[in-house]
>>> print(open('upload_10.txt').read())   # compact mmCIF, C-alpha atoms
# COMPACT_ATOMS: atom_id res chain seq x y z
CA MET A 16 -11.55 -5.81 -10.44
CA LEU A 17 -7.76 -5.69 -10.71
CA TRP A 18 -5.67 -8.30 -8.89
CA PHE A 19 -2.12 -7.41 -7.88
CA VAL A 20 -0.66 -10.75 -6.84
CA PHE A 21 2.88 -10.89 -5.49
CA ASN A 22 5.37 -13.70 -5.08
CA GLY A 23 8.25 -12.21 -3.12
CA SER A 24 9.13 -9.03 -5.03
CA SER A 25 7.61 -10.32 -8.28
CA LEU A 26 4.22 -9.32 -9.62
CA LEU A 27 1.92 -11.72 -11.46
CA LEU A 28 1.12 -10.25 -14.88
CA ARG A 29 -1.07 -11.52 -17.70
CA ARG A 30 0.59 -11.82 -21.12
CA THR A 31 -1.51 -9.91 -23.64
CA GLY A 32 0.72 -10.23 -26.71
CA ALA A 33 4.30 -10.23 -27.85
CA GLY A 34 6.12 -8.41 -25.05
CA LYS A 35 2.87 -6.89 -23.76
CA TYR A 36 1.50 -7.38 -20.25
CA GLY A 37 -1.47 -6.38 -18.16
CA VAL A 38 -2.73 -6.80 -14.62
CA PRO A 39 -5.19 -9.68 -14.09
CA ASP A 40 -8.72 -8.28 -14.29
CA SER A 41 -11.57 -10.58 -13.21
CA CYS A 42 -14.18 -11.19 -10.51
CA GLN A 43 -12.12 -14.01 -8.99
CA PRO A 44 -8.39 -14.17 -8.12
CA PRO A 45 -6.22 -15.41 -11.02
CA VAL A 46 -4.57 -18.01 -8.74
CA ASP A 47 -5.59 -19.83 -5.57
CA VAL A 48 -5.25 -17.81 -2.39
CA PRO A 49 -2.96 -19.69 0.03
CA ASP A 50 -4.53 -20.72 3.35
CA GLY A 51 -4.20 -18.04 6.01
CA ARG A 52 -3.38 -15.25 3.54
CA THR A 53 -5.33 -12.03 3.72
CA ILE A 54 -6.69 -10.40 0.59
CA LEU A 55 -6.33 -6.65 1.05
CA ASN A 56 -8.80 -4.18 -0.40
CA VAL A 57 -6.86 -1.23 -1.74
CA SER A 58 -8.71 2.02 -1.42
CA PRO A 59 -9.85 4.47 -2.39
CA PRO A 60 -10.89 3.49 -5.90
CA SER A 61 -10.61 7.06 -7.20
CA ASP A 62 -11.08 5.87 -10.77
CA GLY A 63 -13.90 3.48 -9.83
CA ILE A 64 -11.78 0.37 -10.43
CA ARG A 65 -11.66 -1.97 -7.43
CA VAL A 66 -8.21 -3.26 -6.52
CA LYS A 67 -7.29 -6.26 -4.40
CA THR A 68 -3.89 -7.65 -3.52
CA PHE A 69 -2.38 -10.68 -1.80
CA ARG A 70 0.83 -12.67 -1.69
CA ILE A 71 1.20 -16.23 -2.97
CA ASN A 72 3.64 -18.86 -1.73
CA LYS A 73 7.17 -18.89 -3.18
CA GLU A 74 6.66 -22.34 -4.73
CA THR A 75 3.50 -21.33 -6.62
CA THR A 76 3.93 -21.58 -10.39
CA PRO A 77 1.77 -19.31 -12.52
CA SER A 78 -0.59 -20.94 -15.01
CA ASP A 79 -0.37 -20.46 -18.77
CA GLY A 80 -0.88 -16.91 -19.87
CA TYR A 81 0.66 -15.46 -16.70
CA GLU A 82 4.21 -14.58 -15.75
CA LEU A 83 5.94 -13.45 -12.55
CA ILE A 84 7.93 -10.28 -13.25
CA GLU A 85 10.08 -8.32 -10.81
CA LEU A 86 8.25 -5.17 -9.72
CA ARG A 87 11.08 -2.90 -10.92
CA ARG A 88 11.00 -4.49 -14.39
CA ALA A 89 7.20 -4.09 -14.49
CA TYR A 90 7.78 -0.31 -14.55
CA GLY A 91 8.56 -0.54 -18.27
CA LEU A 92 5.68 -2.93 -18.95
CA LEU A 93 2.73 -1.20 -17.27
CA ASN A 94 1.32 2.27 -17.74
CA GLY A 95 2.04 4.78 -14.96
CA GLU A 96 -1.37 4.44 -13.31
CA LEU A 97 -1.15 0.64 -13.06
CA TYR A 98 2.44 0.77 -11.84
CA THR A 99 1.49 3.27 -9.13
CA LYS A 100 -1.29 0.91 -7.98
CA ALA A 101 1.18 -2.01 -7.99
CA VAL A 102 3.63 -0.10 -5.78
CA LYS A 103 0.85 0.87 -3.38
CA CYS A 104 -0.19 -2.79 -3.15
CA ALA A 105 3.40 -3.88 -2.47
CA GLU A 106 3.71 -1.25 0.29
CA LEU A 107 0.42 -2.27 1.91
CA LEU A 108 1.35 -5.96 1.84
CA HIS A 109 4.69 -5.16 3.48
CA TRP A 110 2.93 -3.06 6.15
CA ASP A 111 0.35 -5.79 6.78
CA GLU A 112 3.01 -8.49 7.14
CA HIS A 113 5.06 -6.37 9.56
CA SER A 114 2.22 -5.16 11.76
CA ARG A 115 0.59 -8.41 12.83
CA PHE A 116 1.16 -7.74 16.52
CA CYS A 117 0.67 -4.69 18.71
CA GLY A 118 3.77 -2.67 19.57
CA VAL A 119 2.18 -1.72 22.92
CA CYS A 120 1.04 -5.05 24.39
CA GLY A 121 1.93 -7.73 21.81
CA GLY A 122 -1.73 -8.57 21.12
CA GLU A 123 -2.99 -9.53 17.69
CA MET A 124 -3.90 -6.70 15.33
CA SER A 125 -6.98 -6.74 13.10
CA PHE A 126 -8.04 -4.42 10.29
CA GLN A 127 -10.21 -1.48 11.26
CA THR A 128 -10.13 0.17 7.82
CA ASP A 129 -8.24 -0.66 4.62
CA ILE A 130 -5.20 1.22 5.98
CA SER A 131 -5.52 0.94 9.75
CA LYS A 132 -5.42 -1.79 12.38
CA ARG A 133 -6.57 -2.01 15.98
CA CYS A 134 -5.21 -4.24 18.72
CA ARG A 135 -7.75 -6.83 19.84
CA VAL A 136 -6.36 -6.66 23.39
CA CYS A 137 -5.57 -3.03 24.28
CA GLY A 138 -7.30 -1.14 21.45
CA SER A 139 -4.14 0.62 20.25
CA GLU A 140 -4.42 1.82 16.62
CA ILE A 141 -1.81 1.91 13.86
CA TRP A 142 -1.98 3.23 10.31
CA ALA A 143 -0.08 2.46 7.13
CA GLN A 144 3.06 4.55 6.92
CA VAL A 145 2.77 8.26 6.30
CA SER A 146 5.99 9.90 5.09
CA PRO A 147 7.07 13.50 5.38
CA ALA A 148 7.20 14.94 1.87
CA VAL A 149 8.03 18.58 2.46
CA ILE A 150 8.97 20.82 5.35
CA VAL A 151 9.68 24.50 4.86
CA LEU A 152 11.08 27.35 6.85
CA ILE A 153 9.33 30.61 6.09
CA SER A 154 11.16 33.57 7.56
CA ARG A 155 11.10 37.35 7.52
CA GLY A 156 14.11 38.95 9.09
CA ASP A 157 14.60 37.10 12.38
CA GLU A 158 10.95 35.93 12.53
CA ILE A 159 9.81 32.38 11.64
CA LEU A 160 6.29 31.36 10.62
CA MET A 161 5.05 28.51 12.84
CA VAL A 162 1.74 26.65 12.72
CA LYS A 163 -0.48 25.34 15.48
CA ALA A 164 -2.80 22.55 14.37
CA HIS A 165 -6.20 22.23 16.00
CA ASN A 166 -5.23 18.79 17.32
CA PHE A 167 -2.06 20.04 19.08
CA THR A 168 -2.54 20.03 22.83
CA GLY A 169 -0.62 22.47 24.95
CA ASN A 170 1.65 25.20 23.68
CA TYR A 171 3.14 23.31 20.68
CA PHE A 172 3.94 24.77 17.29
CA GLY A 173 5.54 23.28 14.20
CA LEU A 174 6.96 24.23 10.82
CA VAL A 175 4.80 24.18 7.70
CA ALA A 176 4.91 20.56 6.46
CA GLY A 177 3.13 18.09 4.20
CA PHE A 178 2.85 14.32 4.24
CA VAL A 179 2.22 11.54 1.70
CA GLU A 180 0.18 8.43 2.44
CA THR A 181 0.99 5.02 0.96
CA GLY A 182 0.46 5.12 -2.80
CA GLU A 183 -0.45 8.82 -2.87
CA SER A 184 1.27 10.97 -5.50
CA LEU A 185 3.27 14.01 -4.47
CA GLU A 186 0.94 16.19 -6.49
>>> encode(input="upload_10.txt", output="structure tokens")
Amino acid sequence: MLWFVFNGSSLLLRRTGAGKYGVPDSCQPPVDVPDGRTILNVSPPSDGIRVKTFRINKETTPSDGYELIELRRAYGLLNGELYTKAVKCAELLHWDEHSRFCGVCGGEMSFQTDISKRCRVCGSEIWAQVSPAVIVLISRGDEILMVKAHNFTGNYFGLVAGFVETGESLE
């Protein structure tokens, strides 16, 4: 199991040699989990490797063999697959920290899935951010191709578009 542990915008990495780093890989977290912190399961494990992430307190000092490295600097130290997982973890932690309370009624939110929460009071659901990735206008003369999704109610149509979920590649 890989552990992506953050302290602010820094990622806890394990030193593996002179100038070489890796992500902590063990059954247990590489550092103590602060009281009240949630450990997030990052899914789906498309490659079969389980991933967990959490944030430590600012004053936590890493033990020998570990180093806190700014996430941007880690880009040059980790392979592309591990860096992509690290960015997804950072995004999910940010989303979790900024969606503790319901935007509808102010009630406390709790996880429903790894990337969704439900309000304990009113039942409102929220999901980790989905970003528009592409929108196209397909035309022929003065005609425009529009789509009507099966979940659209009423007489609504939209342009052809695609979206990217947290940590998903554009491919």
>>> closest_residue(input="upload_10.txt", among="A:Lys35, A:Arg133, A:His165, A:Arg52", to="Glu112 of chain A", atoms="all atoms listed in the file")
A:Arg52
>>> residues_around(input="upload_10.txt", residues="Arg29 of chain A", least_positions_apart="2", cutoff="12 Å", atoms="only C-alpha atoms", output="number ranges by chain")
A: 17-20, 26-27, 31-41, 45-46, 77-84, 89, 92-93
>>> closest_atom_pairs(input="upload_10.txt", of="segment 54-95 of chain A", to="segment 123-127 of chain A", cutoff="12 Å", atoms="only C-alpha atoms", output="CSV")
residue,atom,partner,partner_atom,distance
A:Ile54,CA,A:Phe126,CA,11.5
A:Leu55,CA,A:Phe126,CA,9.7
A:Asn56,CA,A:Phe126,CA,10.7
>>> residues_around(input="upload_10.txt", residues="Ile130 of chain A", least_positions_apart="6", cutoff="8 Å", atoms="all atoms listed in the file", output="list in words")
Leu107, Trp142 and Ala143 of chain A
>>> atom_distance(input="upload_10.txt", atom1="atom CA of Ser139 of chain A", atom2="atom CA of Asn166 of chain A")
18.4 Å
>>> closest_residue(input="upload_10.txt", among="A:Cys42, A:Val179, A:Leu108, A:Met161", to="Ile71 of chain A", atoms="all atoms listed in the file")
A:Leu108
>>> build_atoms(input="upload_10.txt", residues="segment 102-119 of chain A", atoms="N, CA and C atoms", output="mmCIF file, keeping the file's coordinate frame")
data_model
loop_
_atom_site.group_PDB
_atom_site.id
_atom_site.type_symbol
_atom_site.label_atom_id
_atom_site.label_comp_id
_atom_site.auth_asym_id
_atom_site.auth_seq_id
_atom_site.Cartn_x
_atom_site.Cartn_y
_atom_site.Cartn_z
ATOM 1 N N VAL A 102 2.731 -0.515 -6.860
ATOM 2 C CA VAL A 102 3.630 -0.100 -5.780
ATOM 3 C C VAL A 102 2.851 0.091 -4.482
ATOM 4 N N LYS A 103 1.679 0.696 -4.574
ATOM 5 C CA LYS A 103 0.850 0.870 -3.380
ATOM 6 C C LYS A 103 0.493 -0.496 -2.788
ATOM 7 N N CYS A 104 0.136 -1.445 -3.637
ATOM 8 C CA CYS A 104 -0.190 -2.790 -3.150
ATOM 9 C C CYS A 104 1.007 -3.432 -2.465
ATOM 10 N N ALA A 105 2.185 -3.307 -3.069
ATOM 11 C CA ALA A 105 3.400 -3.880 -2.470
ATOM 12 C C ALA A 105 3.664 -3.254 -1.102
ATOM 13 N N GLU A 106 3.490 -1.933 -0.994
ATOM 14 C CA GLU A 106 3.710 -1.250 0.290
ATOM 15 C C GLU A 106 2.701 -1.711 1.335
ATOM 16 N N LEU A 107 1.433 -1.836 0.950
ATOM 17 C CA LEU A 107 0.420 -2.270 1.910
ATOM 18 C C LEU A 107 0.637 -3.712 2.358
ATOM 19 N N LEU A 108 1.052 -4.579 1.448
ATOM 20 C CA LEU A 108 1.350 -5.960 1.840
ATOM 21 C C LEU A 108 2.509 -6.005 2.830
ATOM 22 N N HIS A 109 3.548 -5.221 2.558
ATOM 23 C CA HIS A 109 4.690 -5.160 3.480
ATOM 24 C C HIS A 109 4.238 -4.672 4.854
ATOM 25 N N TRP A 110 3.439 -3.600 4.875
ATOM 26 C CA TRP A 110 2.930 -3.060 6.150
ATOM 27 C C TRP A 110 2.089 -4.107 6.877
ATOM 28 N N ASP A 111 1.207 -4.780 6.159
ATOM 29 C CA ASP A 111 0.350 -5.790 6.780
ATOM 30 C C ASP A 111 1.178 -6.915 7.402
ATOM 31 N N GLU A 112 2.179 -7.382 6.666
ATOM 32 C CA GLU A 112 3.010 -8.490 7.140
ATOM 33 C C GLU A 112 3.872 -8.106 8.334
ATOM 34 N N HIS A 113 4.186 -6.815 8.470
ATOM 35 C CA HIS A 113 5.060 -6.370 9.560
ATOM 36 C C HIS A 113 4.307 -5.647 10.672
ATOM 37 N N SER A 114 3.010 -5.781 10.691
ATOM 38 C CA SER A 114 2.220 -5.160 11.760
ATOM 39 C C SER A 114 1.156 -6.135 12.275
ATOM 40 N N ARG A 115 1.534 -7.379 12.367
ATOM 41 C CA ARG A 115 0.590 -8.410 12.830
ATOM 42 C C ARG A 115 0.317 -8.318 14.323
ATOM 43 N N PHE A 116 1.293 -7.799 15.071
ATOM 44 C CA PHE A 116 1.160 -7.740 16.520
ATOM 45 C C PHE A 116 1.345 -6.328 17.029
ATOM 46 N N CYS A 117 0.675 -6.018 18.113
ATOM 47 C CA CYS A 117 0.670 -4.690 18.710
ATOM 48 C C CYS A 117 2.044 -4.346 19.297
ATOM 49 N N GLY A 118 2.508 -3.141 19.004
ATOM 50 C CA GLY A 118 3.770 -2.670 19.570
ATOM 51 C C GLY A 118 3.641 -2.257 21.022
ATOM 52 N N VAL A 119 2.406 -2.120 21.530
ATOM 53 C CA VAL A 119 2.180 -1.720 22.920
ATOM 54 C C VAL A 119 2.117 -2.933 23.832
#
